[in-house]
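Here the structure comes first, spelled out in structure tokens, and everything after it is commentary.
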Amino acid sequence: MAKILVVDDAMFMRSRLRGLLESAGHAVVEAANGKEAVDAFQQERPELVLMDVTMPEMDGLEALKRIRQGTPGAKVIMCSALGQQSIVLEAIKAGAKDFIVKPFRPEKVLEAVGRQVS
Amino acid sequence: MTNDLGWSMTEDDRQLFLAEADELVQVLESGALAMEQGGIADETLQAMFRAAHTLKGNAGLIGEQGLAEHMHRLEAGLDDLRSGRVALTPAMVQQVLSGIDTMRDLLARFARGESPAAAGAPETTAPAPAQAAAEAAPLVTTSVEQGPLAGQGRIEIRLKVADDCPMPAVRIFQAYQALSRVGRLEASEPAQETLAQYQGRTAKAMLTYERAIARDGSLAAAREEIAASLEGVEEITLESLAEERMAAPSAQQSQAGGNGGETLESAAAQTVRVRVDVLDHLMNLVGELVLDRTRVADLIGHLEGHGKEQDQEEIRQELSRTSVHLGRVTLDLQETIMKARMLPIEHLFRRFPRLVRDLGQKAGKRVQLEMSGLDTELDRMVMDELGDPLTHLLRNAVDHGVERPEVRRAAGKPETGKVMLRAGTEEGYVVIELADDGGGIDVDRVRQVALQRGVITPEQAERLTEHEAEDLIFAPGFSTAAEVTEISGRGVGLDAVRSSLERLSGMVEVASERGVGTTFRLRIPLTLAIMRALLVRTGEEIYALPLGAVRQIVKLAGDNVQQAYGRTLLADRGQLIPLHGLATLFGGADPTDETFAVVVGGGRQQVALRVGSLLGEQEIVLKSFGDFLGAVPGLTGATILGDGQLALVTDVRFFLQGKDAS
């Protein structure tokens, strides 16, 4: 259905999300940090990005800004932990479409994804 | 304090509202005056429309429905004009101006703490010209069938975030974003900037609908659209949606008088906008002061505790370094704070075009005001003090300066007279020139009138030069107007202008040429509290002479001091200047061995003061004598010098008012 870039430094998290999204019929590509995410976005041109906030090399907020700088229409959903409200707010201001909060329930993830991709 | 809508409002909010309202009213007024000058640019009309719109929104937000309604009518009228539904006529311009006056009146009430809304319809101070009323298109009136357009007003939206939704503030922000896409988000609670700290789950937003949506839209339609806009935002619900109440306006209410004089200045004067980087700089400087304080405390500790002999020199050096640093920081602090008090003179000048227009109309003259140097900066306090004298001089220029159209035509001048108001800086002083191209001062009549009124004696009248005669117009009780006119003849003459300027340690001079015009030149220190002064010693005392008044310093030799008419005169380059001993003017014994004369005064009015020695020039902080001593003739106050000595600050005007040396 849609190509989705999953960005998280935790491999476990990536694989859980990949499983969930693939079962819903989406194609998934992965990146392990913000820097990789920016490169992967350029190469893969996904329809949607699920972006973790806290990552090594380059954090999610910075990656979001760079991706949106190169592609102003890019759709990004932030995946954050509790207590990161101000960063998430910052991300929304920077153009993130939505956010989900860990620990997330599968249906929440699919709902959020569903609102962004047809 | 909380208003009807539940938006809390502090005194700061009130001041901010007033300051912004003042600016917006100025936009409207200068636009209306531009209309009158013939032709109106589209951008001007757009700017006026936006100003009315914003003012309406702001007024609504603070719960002042009277103001909001008034602006609503003005906005609607401007919209009709903008869309070409009605054409521009002079009567309509008058109506717009009357509408602006009513607005000012309402704002002034609000500024005084009266609620214009509670007061009901504003009193009409003067009826609009009958002719205007007869032909007037409904520019500021809103007829009953037009009404305030349903849904066009502002809508209050209450939002609630689901209890189990994490990061409610982000959801609220998303909702604000969504709302901004369908209308204009006027205000919100919590405000967008404070959302990051917000922990609550409810929010309130005030949305203005665009007219296009509103025209045929009802509240139900608005609700649908707003609800739809929020659909993309998860876990947020629209709790309530209410149209802000707008009472039906009464058509009579809009007729208001031409009262351009009253402005919000007095209320808004308390507010100064300071740039954030200036505040940051001030904060840094304070930080450095704290550092210095710590260093000094340390040094005292050293001296008290372990005052070893060999440390003394080190401590002295450190103290000296700290002192230098302290001096640098306090100087910077002083300059920065002074800068923060400065405002462009436009704040003062911007009310004058309307004033001149109204004065011209009343006097049956055509006058055009040209202003320049609007970005000249001046201390806020000084600016407040300048309002009255400048208004007086403008009245004077229109009333006595510029001639009637038929007189001008006969003299071969354009029928429309010109008044020019120019501002600029000159060696730490602001210079304002007010020039008209009128008939100039009739020196012979001035002489004659001054004699009649006993301002001068016949002998004096004979001795007066042209310039000295011109200067008589500033004498108390002098007025050349053949009859007292409504505009400037209220028994107050130009002497009031001169004394206002004196209070500011400033000066006013006049220069005139028959048939060509008159120019008033005002010289005002940039700020009241700090001035540059020349310090001189005479006898035991030190005096500070404001540097702005010092013309030159002359070394006294035998051949440049002369006696004539029983007076001592200083001969300088062919000029004879009255010479007085500075000490004797204040009743002291006259030291005879003094060798310098300081020439003070403005332009042609000069006096030389004999002093013992020159101590140099320096920036001084003026302290008034306070209630204890009261006003001392010839002195404006005192100042403490760096070494703790007292210097008396002289008021140069005192010497120029013809105090004869005994």
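Labeling convention for the structure tokens: chains A, B, ... as they appear, residues from 1 per chain, ligands from 1 in order of appearance.
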Check your understanding: Which chain A residues are at most 12 Å from chain B (counting only C-alpha atoms), as a ChimeraX atom specification?
Key -> /A:78,80-104,108-109,111-116
Based on the selection just made, write C-alpha atoms of those residues as a CSV table (one decimal), in the first residue's frame.
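Saved the output as part_10.csv:
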```csv
chain,number,residue,atom,x,y,z
A,78,MET,CA,7.3,11.4,15.6
A,80,SER,CA,8.4,9.7,21.3
A,81,ALA,CA,8.6,8.7,24.9
A,82,LEU,CA,6.6,10.2,27.7
A,83,GLY,CA,8.2,13.4,29.1
A,84,GLN,CA,9.3,14.7,25.7
A,85,GLN,CA,6.4,17.0,25.2
A,86,SER,CA,8.4,20.1,24.5
A,87,ILE,CA,10.5,18.3,21.8
A,88,VAL,CA,7.4,16.9,20.2
A,89,LEU,CA,5.8,20.3,20.2
A,90,GLU,CA,8.9,21.6,18.6
A,91,ALA,CA,8.7,18.8,16.0
A,92,ILE,CA,5.1,19.7,15.2
A,93,LYS,CA,6.1,23.3,14.7
A,94,ALA,CA,8.8,22.1,12.4
A,95,GLY,CA,6.2,20.3,10.3
A,96,ALA,CA,5.7,16.8,11.8
A,97,LYS,CA,2.2,15.7,10.9
A,98,ASP,CA,1.5,13.8,14.1
A,99,PHE,CA,3.1,11.9,17.0
A,100,ILE,CA,2.7,8.7,18.9
A,101,VAL,CA,3.9,8.0,22.4
A,102,LYS,CA,5.8,4.9,23.5
A,103,PRO,CA,4.9,2.4,24.7
A,104,PHE,CA,2.4,2.4,21.9
A,108,LYS,CA,-2.7,3.5,17.8
A,109,VAL,CA,0.2,3.2,15.4
A,111,GLU,CA,-4.6,4.7,13.3
A,112,ALA,CA,-1.9,7.4,13.1
A,113,VAL,CA,-0.4,5.8,9.9
A,114,GLY,CA,-3.9,5.4,8.4
A,115,ARG,CA,-4.6,9.1,8.8
A,116,GLN,CA,-1.5,10.0,6.8
```
Exercise for review: Write out as number ranges by chain all residues of chain A that backbone DSSP assigns to alpha helix (DSSP H).
Suggested key: A: 11-23, 34-44, 60-70, 85-93, 106-116
Check your understanding: Skipping near chain neighbours, those fewer than 2 positions away, what residues fall within 8 Å of Gly401 in chain B using only C-alpha atoms, listed as a list in words?
Key -> Asn396, Ala397, Val398, Asp399, Glu403, Asp436, Asp437, Gly438, Gly439, Gly440, Gly517 and Thr518 of chain B
Output C-alpha atoms for every residue in that selection, as a compact mmCIF listing (two decimals), in the first residue's frame.
```txt
# COMPACT_ATOMS: atom_id res chain seq x y z
CA ASN B 396 0.36 79.98 15.63
CA ALA B 397 1.67 79.13 12.16
CA VAL B 398 -1.77 78.34 10.81
CA ASP B 399 -3.51 81.21 12.54
CA GLU B 403 -2.24 84.01 4.97
CA ASP B 436 5.80 78.51 7.41
CA ASP B 437 5.75 80.31 4.08
CA GLY B 438 3.40 82.99 5.35
CA GLY B 439 3.66 86.72 5.72
CA GLY B 440 6.45 86.84 8.27
CA GLY B 517 7.76 83.30 6.15
CA THR B 518 8.71 82.60 9.72
```
Practice item. Considering only C-alpha atoms, state which residue in the set A:Val7, A:Leu20, A:Val38, A:Ala31 is at the smallest distance from Gly70 in chain A. Key: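 Among A:Val7, A:Leu20, A:Val38, A:Ala31, it is A:Val38 that comes nearest to Gly70 in chain A.
Across the model, the gap from CA of Leu355 in chain B to CA of Val407 in chain B is 22.8 Å.
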Exercise for review: Give the strand (DSSP E) residues of range 40-83 of chain A, as DSSP finds them on the backbone, and put them as number ranges by chain.
Suggested key: A: 48-52, 76-81
Requested write-out: C-alpha atoms of the selected residues, as a PDB file, in the first residue's frame:
```
ATOM      1  CA  LEU A  48       5.668   8.362   5.391  1.00  0.00           C
ATOM      2  CA  VAL A  49       8.380   8.346   8.034  1.00  0.00           C
ATOM      3  CA  LEU A  50       8.017   7.035  11.591  1.00  0.00           C
ATOM      4  CA  MET A  51      10.776   8.914  13.399  1.00  0.00           C
ATOM      5  CA  ASP A  52      12.156   8.152  16.829  1.00  0.00           C
ATOM      6  CA  VAL A  76       6.688  12.481   9.336  1.00  0.00           C
ATOM      7  CA  ILE A  77       5.152  11.000  12.486  1.00  0.00           C
ATOM      8  CA  MET A  78       7.266  11.368  15.596  1.00  0.00           C
ATOM      9  CA  CYS A  79       7.653   8.392  17.903  1.00  0.00           C
ATOM     10  CA  SER A  80       8.414   9.744  21.316  1.00  0.00           C
ATOM     11  CA  ALA A  81       8.633   8.671  24.905  1.00  0.00           C
TER      12      ALA A  81
END
```
**Study point:** Selection: 9 Å around Met58 in chain A, only C-alpha atoms, excl. self and same-chain fewer than 4 positions, as a list in words
**Key:**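 Here the answer would be Asn33, Gly34, Lys35, Glu36, Thr54, Glu62 and Ala63 of chain A.
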**Study point:** Nearest residue to Ala24 in chain A from the set A:Met11, A:Ile67, A:Ala2, A:Ala37 (distances using only C-alpha atoms)
**Key:**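 Closest to Ala24 in chain A of all the choices is A:Ala2.
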Exercise for review: Check the smallest atom-to-atom distance from each of B:Glu69, B:Glu540, B:Asp101, B:Asp358 to Glu29 in chain B using only C-alpha atoms, then report the winner.
Suggested key: B:Asp101
Practice item. Would you list the contacts of Ala47 in chain B as a PyMOL selection string, taking every protein, DNA or RNA residue within 12 Å and counting only C-alpha atoms, but skipping same-chain residues closer than 2 positions in sequence? Key: chain B and resi 24-32+40-45+49-54+75+78-79+82
Practice item. Go ahead and compute the interatomic distance for CA of Tyr543 in chain B and CA of Thr650 in chain B, in Å to one decimal. Key: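 CA of Thr650 in chain B lies at a distance of 6.7 Å from CA of Tyr543 in chain B.
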Check your understanding: What's the 6 Å shell around range 410-421 of chain B, counting only C-alpha atoms, without same-chain residues fewer than 4 positions away, as JSON, numbers by chain?
Key -> {"B": [366, 367, 368, 369, 370, 371, 402, 405, 433, 434, 435, 436, 437]}
Serialized selection, N, CA and C atoms, as a PDB file, in the first residue's frame:
```pdb
ATOM      1  N   ARG B 366      -5.924  77.230   3.483  1.00  0.00           N
ATOM      2  CA  ARG B 366      -5.451  75.946   2.979  1.00  0.00           C
ATOM      3  C   ARG B 366      -4.006  75.773   3.405  1.00  0.00           C
ATOM      4  N   VAL B 367      -3.777  74.734   4.171  1.00  0.00           N
ATOM      5  CA  VAL B 367      -2.439  74.526   4.715  1.00  0.00           C
ATOM      6  C   VAL B 367      -2.011  73.090   4.493  1.00  0.00           C
ATOM      7  N   GLN B 368      -0.777  72.947   4.076  1.00  0.00           N
ATOM      8  CA  GLN B 368      -0.238  71.610   3.887  1.00  0.00           C
ATOM      9  C   GLN B 368       0.942  71.456   4.838  1.00  0.00           C
ATOM     10  N   LEU B 369       0.952  70.361   5.576  1.00  0.00           N
ATOM     11  CA  LEU B 369       2.045  70.136   6.531  1.00  0.00           C
ATOM     12  C   LEU B 369       3.041  69.148   5.938  1.00  0.00           C
ATOM     13  N   GLU B 370       4.301  69.540   5.928  1.00  0.00           N
ATOM     14  CA  GLU B 370       5.355  68.620   5.485  1.00  0.00           C
ATOM     15  C   GLU B 370       6.239  68.317   6.676  1.00  0.00           C
ATOM     16  N   MET B 371       6.519  67.036   6.870  1.00  0.00           N
ATOM     17  CA  MET B 371       7.343  66.678   8.020  1.00  0.00           C
ATOM     18  C   MET B 371       8.562  65.890   7.550  1.00  0.00           C
ATOM     19  N   VAL B 402       0.431  81.577   8.052  1.00  0.00           N
ATOM     20  CA  VAL B 402      -0.093  81.399   6.702  1.00  0.00           C
ATOM     21  C   VAL B 402      -1.243  82.375   6.456  1.00  0.00           C
ATOM     22  N   PRO B 405      -6.229  82.476   1.533  1.00  0.00           N
ATOM     23  CA  PRO B 405      -5.966  82.166   0.115  1.00  0.00           C
ATOM     24  C   PRO B 405      -5.957  83.400  -0.774  1.00  0.00           C
ATOM     25  N   GLU B 433      12.714  72.394  13.693  1.00  0.00           N
ATOM     26  CA  GLU B 433      12.397  73.653  13.016  1.00  0.00           C
ATOM     27  C   GLU B 433      10.978  73.612  12.514  1.00  0.00           C
ATOM     28  N   LEU B 434      10.273  74.675  12.773  1.00  0.00           N
ATOM     29  CA  LEU B 434       8.904  74.772  12.308  1.00  0.00           C
ATOM     30  C   LEU B 434       8.825  76.026  11.451  1.00  0.00           C
ATOM     31  N   ALA B 435       8.683  75.836  10.176  1.00  0.00           N
ATOM     32  CA  ALA B 435       8.725  76.976   9.257  1.00  0.00           C
ATOM     33  C   ALA B 435       7.412  77.091   8.502  1.00  0.00           C
ATOM     34  N   ASP B 436       6.955  78.315   8.297  1.00  0.00           N
ATOM     35  CA  ASP B 436       5.802  78.511   7.413  1.00  0.00           C
ATOM     36  C   ASP B 436       6.200  79.458   6.289  1.00  0.00           C
ATOM     37  N   ASP B 437       5.443  79.417   5.206  1.00  0.00           N
ATOM     38  CA  ASP B 437       5.747  80.311   4.085  1.00  0.00           C
ATOM     39  C   ASP B 437       4.734  81.454   4.055  1.00  0.00           C
TER      40      ASP B 437
END
```
Review point. Of the candidates B:Thr391, B:Gln361, B:Gln562, B:Thr538, which shows the shortest atom-to-atom distance to Leu609 in chain B, using only C-alpha atoms?
Key: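 Nearest candidate to Leu609 in chain B out of B:Thr391, B:Gln361, B:Gln562, B:Thr538: B:Thr538.
When only C-alpha atoms are used to measure the gap to Asp9 in chain A, the shortest distance among A:Lys75, A:Arg45, A:Ala40, A:Gly60 belongs to A:Gly60.
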Exercise for review: Skip Leu21 in chain A itself and residues of its chain fewer than 3 positions away, then list as a PyMOL selection string all residues within 10 Å of it, counting only C-alpha atoms.
Suggested key: chain A and resi 2-4+6+15-18+24-28+106+109-110+113
Revision key, fill the gap. A straight line from CA of Ile157 in chain B to CA of Gln46 in chain B spans 28.2 Å
Check your understanding: Using only C-alpha atoms, which residue out of B:His392, B:Glu426, B:Leu501, B:Gln334 lies closest to Val356 in chain B?
Key -> B:His392
